[in-house]
Number of protein chains: 4
Amino acid sequence: MSVTLVLGLVAGFAVTLVNREEFPTFGDGLWWAIVTLGTVGYGDLVPSNTPGRLVGGLVIVVGVTFIAFLTALVTSSFVSADQERAAEAERQRREGSDEETRQLLRQVLERLSVIEARLDDRP
Amino acid sequence: MSVTLVLGLVAGFAVTLVNREEFPTFGDGLWWAIVTLGTVGYGDLVPSNTPGRLVGGLVIVVGVTFIAFLTALVTSSFVSADQERAAEAERQRREGSDEETRQLLRQVLERLSVIEARLDDRP
Amino acid sequence: MSVTLVLGLVAGFAVTLVNREEFPTFGDGLWWAIVTLGTVGYGDLVPSNTPGRLVGGLVIVVGVTFIAFLTALVTSSFVSADQERAAEAERQRREGSDEETRQLLRQVLERLSVIEARLDDRP
Amino acid sequence: MSVTLVLGLVAGFAVTLVNREEFPTFGDGLWWAIVTLGTVGYGDLVPSNTPGRLVGGLVIVVGVTFIAFLTALVTSSFVSADQERAAEAERQRREGSDEETRQLLRQVLERLSVIEARLDDRP
């Protein structure tokens, strides 16, 4: 996020250096960088020479990648929340099933105590 | 969703206030807001002064964020549906395996009953 | 996917009906619909009257929604493939653990047979 | 990724062949292809005849699909990392529960040894 912000500032400044006729002020460069990073691309300001287009191509690649990462971040947090809820329900079900198994084992141990006691009672 | 709708209306109105030469009517502002929020950016109407560009930058950030959330919402619902199906299959498999274990435990308990009965039969 | 295709054809046709000065041919309408549904928005052809903008707003909303669903579809298939792999590994680990538990239970049953046999040997 | 790069080069070249008036140089075609694949669409260069628009439509479809796959790739790697962490925690919890069950089983086996020894002690 802040990387994109910094890159937007740098790209907005860089384009004013290499393409001064199209981008006379830093404000123009910054406005163009925001419009490009968001893949809006109004076309009111467009790099018009080769160095400007090289900066532009880089900003487009960064913009698309940034949006992919932003979407991935939001999506994975949504999916994690869903899964945490599903996993919690499953956990309780599993614990219930395991407890049922151990209940049977405790019955076995009790029965063994009875048998041992009976064996002790005899000579 | 409705937050974006409200923000589109507010932004469309705001841009007519700060950039009246470019956006003479509310209809123009609203059309520009929709075109920007969807990251389409035709460029038929573009903020031309600094306050207009500030509103524009904000609308671009909201638009990109909105699309990220919309995509995340649809994706997480698809993933949840897939997982619910996978979890259901896994649950049945687990219950089968746990039942197999408990079946063995019930055999143990039965055998213990036989042993106890035999011990009772003797003096 | 095919819904979007049909809607693109319908929208491309509709815009030629309501905004004939801007979109003189069906080819123009179709080209504009594709450019808008993909959120590219060159701005070479833009609805210029209110009915055209209403059609345009609808096409933008459908385009953004379509891209969200397309992304969700691809993402959920990737996630499902990842999870199927993880679940398969987990399943084998679980089966190993359950088998270890049942192995102990089979030892218990064997020992019980020995005890029963010993009780049978006596008067 | 590299498929998109190759396709961008091919499309940039193809559009100069079919629409030379609008795209006089390969540099123009390439710049247009990048701007279109990223769904930025400045509109400084736009295919103006039917063959050019056919190439353009294809590039838009590829661009949208490419962005969907890129987003899916990043998202699924984020989700997988989240799940690996959640699965590891669950795995440890499961192993703890299984070990608790087996602990009870080992107690049963010990008790059975005691009973067997007692039976051996007698005539």
# chains A, B, ... in the order shown; residues from 1 in each chain; ligands from 1

$ interface_residues --of "chain B" --to "chain C" --cutoff "9 Å" --atoms "only C-alpha atoms" --output "JSON, numbers by chain"
{"B": [27, 31, 34, 35, 38, 39, 40, 41, 42, 43, 44, 67, 68, 70, 71, 72, 73, 74, 75, 76, 77, 78, 79, 80, 82, 83, 86, 90, 94, 97, 98, 100, 101, 104, 105, 107, 108, 111, 112, 114, 115, 118, 119, 122]}

$ write_last_selection --atoms "N, CA and C atoms" --output "compact mmCIF listing (two decimals), in the first residue's frame"
# COMPACT_ATOMS: atom_id res chain seq x y z
N GLY B 27 -26.10 15.67 -13.41
CA GLY B 27 -26.07 14.49 -14.27
C GLY B 27 -24.66 14.21 -14.79
N TRP B 31 -22.57 10.81 -13.86
CA TRP B 31 -22.05 9.99 -14.95
C TRP B 31 -20.54 9.79 -14.79
N ILE B 34 -19.81 7.34 -11.84
CA ILE B 34 -20.03 5.93 -12.20
C ILE B 34 -18.88 5.41 -13.07
N VAL B 35 -18.52 6.21 -14.08
CA VAL B 35 -17.45 5.84 -15.01
C VAL B 35 -16.11 5.68 -14.26
N GLY B 38 -16.20 2.50 -11.61
CA GLY B 38 -16.04 1.23 -12.32
C GLY B 38 -14.67 1.12 -12.98
N THR B 39 -13.79 2.09 -12.75
CA THR B 39 -12.43 2.18 -13.35
C THR B 39 -12.46 2.12 -14.88
N VAL B 40 -13.60 2.56 -15.46
CA VAL B 40 -13.70 2.59 -16.92
C VAL B 40 -12.93 3.80 -17.44
N GLY B 41 -13.24 4.99 -16.90
CA GLY B 41 -12.49 6.20 -17.24
C GLY B 41 -12.47 6.56 -18.70
N TYR B 42 -13.66 6.85 -19.30
CA TYR B 42 -13.69 7.22 -20.72
C TYR B 42 -12.82 8.45 -21.00
N GLY B 43 -12.87 9.42 -20.08
CA GLY B 43 -12.14 10.66 -20.33
C GLY B 43 -12.97 11.71 -21.05
N ASP B 44 -14.29 11.47 -21.23
CA ASP B 44 -15.15 12.50 -21.83
C ASP B 44 -15.32 13.67 -20.85
N ILE B 67 -14.20 -2.44 -5.79
CA ILE B 67 -14.10 -3.60 -6.69
C ILE B 67 -13.36 -4.75 -5.99
N ALA B 68 -12.31 -4.41 -5.22
CA ALA B 68 -11.59 -5.44 -4.46
C ALA B 68 -12.53 -6.14 -3.47
N LEU B 70 -15.89 -6.26 -3.61
CA LEU B 70 -16.92 -6.99 -4.37
C LEU B 70 -16.36 -8.34 -4.83
N THR B 71 -15.15 -8.31 -5.40
CA THR B 71 -14.51 -9.54 -5.87
C THR B 71 -14.27 -10.50 -4.70
N ALA B 72 -13.82 -9.94 -3.57
CA ALA B 72 -13.55 -10.76 -2.38
C ALA B 72 -14.83 -11.43 -1.88
N LEU B 73 -15.93 -10.69 -1.91
CA LEU B 73 -17.22 -11.20 -1.43
C LEU B 73 -17.67 -12.38 -2.28
N VAL B 74 -17.63 -12.21 -3.60
CA VAL B 74 -18.05 -13.28 -4.52
C VAL B 74 -17.10 -14.47 -4.39
N THR B 75 -15.79 -14.19 -4.36
CA THR B 75 -14.81 -15.28 -4.27
C THR B 75 -14.97 -16.08 -2.99
N SER B 76 -15.11 -15.39 -1.85
CA SER B 76 -15.19 -16.11 -0.58
C SER B 76 -16.47 -16.94 -0.50
N SER B 77 -17.55 -16.47 -1.16
CA SER B 77 -18.77 -17.28 -1.14
C SER B 77 -18.59 -18.52 -2.01
N PHE B 78 -17.85 -18.40 -3.13
CA PHE B 78 -17.55 -19.56 -3.98
C PHE B 78 -16.67 -20.56 -3.21
N VAL B 79 -15.63 -20.03 -2.56
CA VAL B 79 -14.69 -20.89 -1.83
C VAL B 79 -15.40 -21.60 -0.68
N SER B 80 -16.27 -20.85 0.04
CA SER B 80 -17.01 -21.44 1.16
C SER B 80 -17.90 -22.58 0.70
N ASP B 82 -17.45 -24.48 -1.96
CA ASP B 82 -16.55 -25.60 -2.28
C ASP B 82 -16.12 -26.33 -1.02
N GLN B 83 -15.76 -25.55 0.00
CA GLN B 83 -15.24 -26.15 1.23
C GLN B 83 -16.32 -26.87 2.00
N ALA B 86 -16.55 -30.19 0.46
CA ALA B 86 -15.37 -31.02 0.81
C ALA B 86 -15.42 -31.43 2.28
N GLU B 90 -15.53 -35.19 4.04
CA GLU B 90 -14.51 -35.53 5.03
C GLU B 90 -15.16 -35.93 6.35
N ARG B 94 -14.67 -39.35 8.42
CA ARG B 94 -14.19 -39.34 9.79
C ARG B 94 -15.15 -40.10 10.70
N SER B 97 -14.67 -43.75 10.32
CA SER B 97 -13.44 -44.22 10.97
C SER B 97 -13.61 -44.27 12.49
N ASP B 98 -14.23 -43.24 13.06
CA ASP B 98 -14.46 -43.21 14.51
C ASP B 98 -15.40 -44.34 14.92
N GLU B 100 -15.72 -47.21 13.46
CA GLU B 100 -14.93 -48.45 13.37
C GLU B 100 -14.14 -48.67 14.67
N THR B 101 -13.53 -47.57 15.17
CA THR B 101 -12.78 -47.64 16.43
C THR B 101 -13.69 -48.02 17.59
N LEU B 104 -14.71 -51.69 17.77
CA LEU B 104 -13.71 -52.51 18.46
C LEU B 104 -13.84 -52.39 19.97
N LEU B 105 -14.11 -51.17 20.44
CA LEU B 105 -14.27 -50.95 21.88
C LEU B 105 -15.48 -51.69 22.43
N GLN B 107 -16.63 -54.45 21.22
CA GLN B 107 -16.20 -55.86 21.29
C GLN B 107 -15.43 -56.13 22.58
N VAL B 108 -14.56 -55.18 22.95
CA VAL B 108 -13.79 -55.33 24.19
C VAL B 108 -14.74 -55.44 25.38
N ARG B 111 -16.44 -58.82 25.54
CA ARG B 111 -15.51 -59.84 26.01
C ARG B 111 -15.32 -59.74 27.52
N LEU B 112 -15.28 -58.50 28.04
CA LEU B 112 -15.14 -58.31 29.48
C LEU B 112 -16.36 -58.87 30.22
N VAL B 114 -18.13 -61.41 29.27
CA VAL B 114 -17.97 -62.86 29.26
C VAL B 114 -17.02 -63.29 30.39
N ILE B 115 -15.88 -62.56 30.51
CA ILE B 115 -14.91 -62.89 31.54
C ILE B 115 -15.51 -62.73 32.94
N ARG B 118 -17.86 -65.57 33.71
CA ARG B 118 -17.10 -66.79 34.00
C ARG B 118 -16.57 -66.77 35.44
N LEU B 119 -16.06 -65.60 35.88
CA LEU B 119 -15.55 -65.47 37.25
C LEU B 119 -16.68 -65.64 38.27
N ARG B 122 -17.83 -69.36 39.30
CA ARG B 122 -16.98 -70.19 40.15
C ARG B 122 -17.18 -69.89 41.64

$ select_by_dssp --residues "region 5-120 of chain A" --states "alpha helix (DSSP H)" --output "PyMOL selection string"
chain A and resi 5-18+26-37+50-120

$ residues_around --residues "Phe23 (chain A)" --least-positions-apart "2" --cutoff "10 Å" --atoms "only C-alpha atoms" --output "list in words"
Gly12, Phe13, Val15, Thr16, Leu17, Val18, Asn19, Arg20, Glu21, Thr25, Phe26, Gly27, Asp28, Gly29, Leu30, Trp31, Trp32, Leu45, Val46, Pro47, Ser48 and Gly52 of chain A

$ atom_distance --atom1 "CA of Thr4 (chain C)" --atom2 "CA of Pro51 (chain C)"
20.6 Å

$ atom_distance --atom1 "CA of Ser2 (chain C)" --atom2 "CA of Val55 (chain D)"
20.2 Å
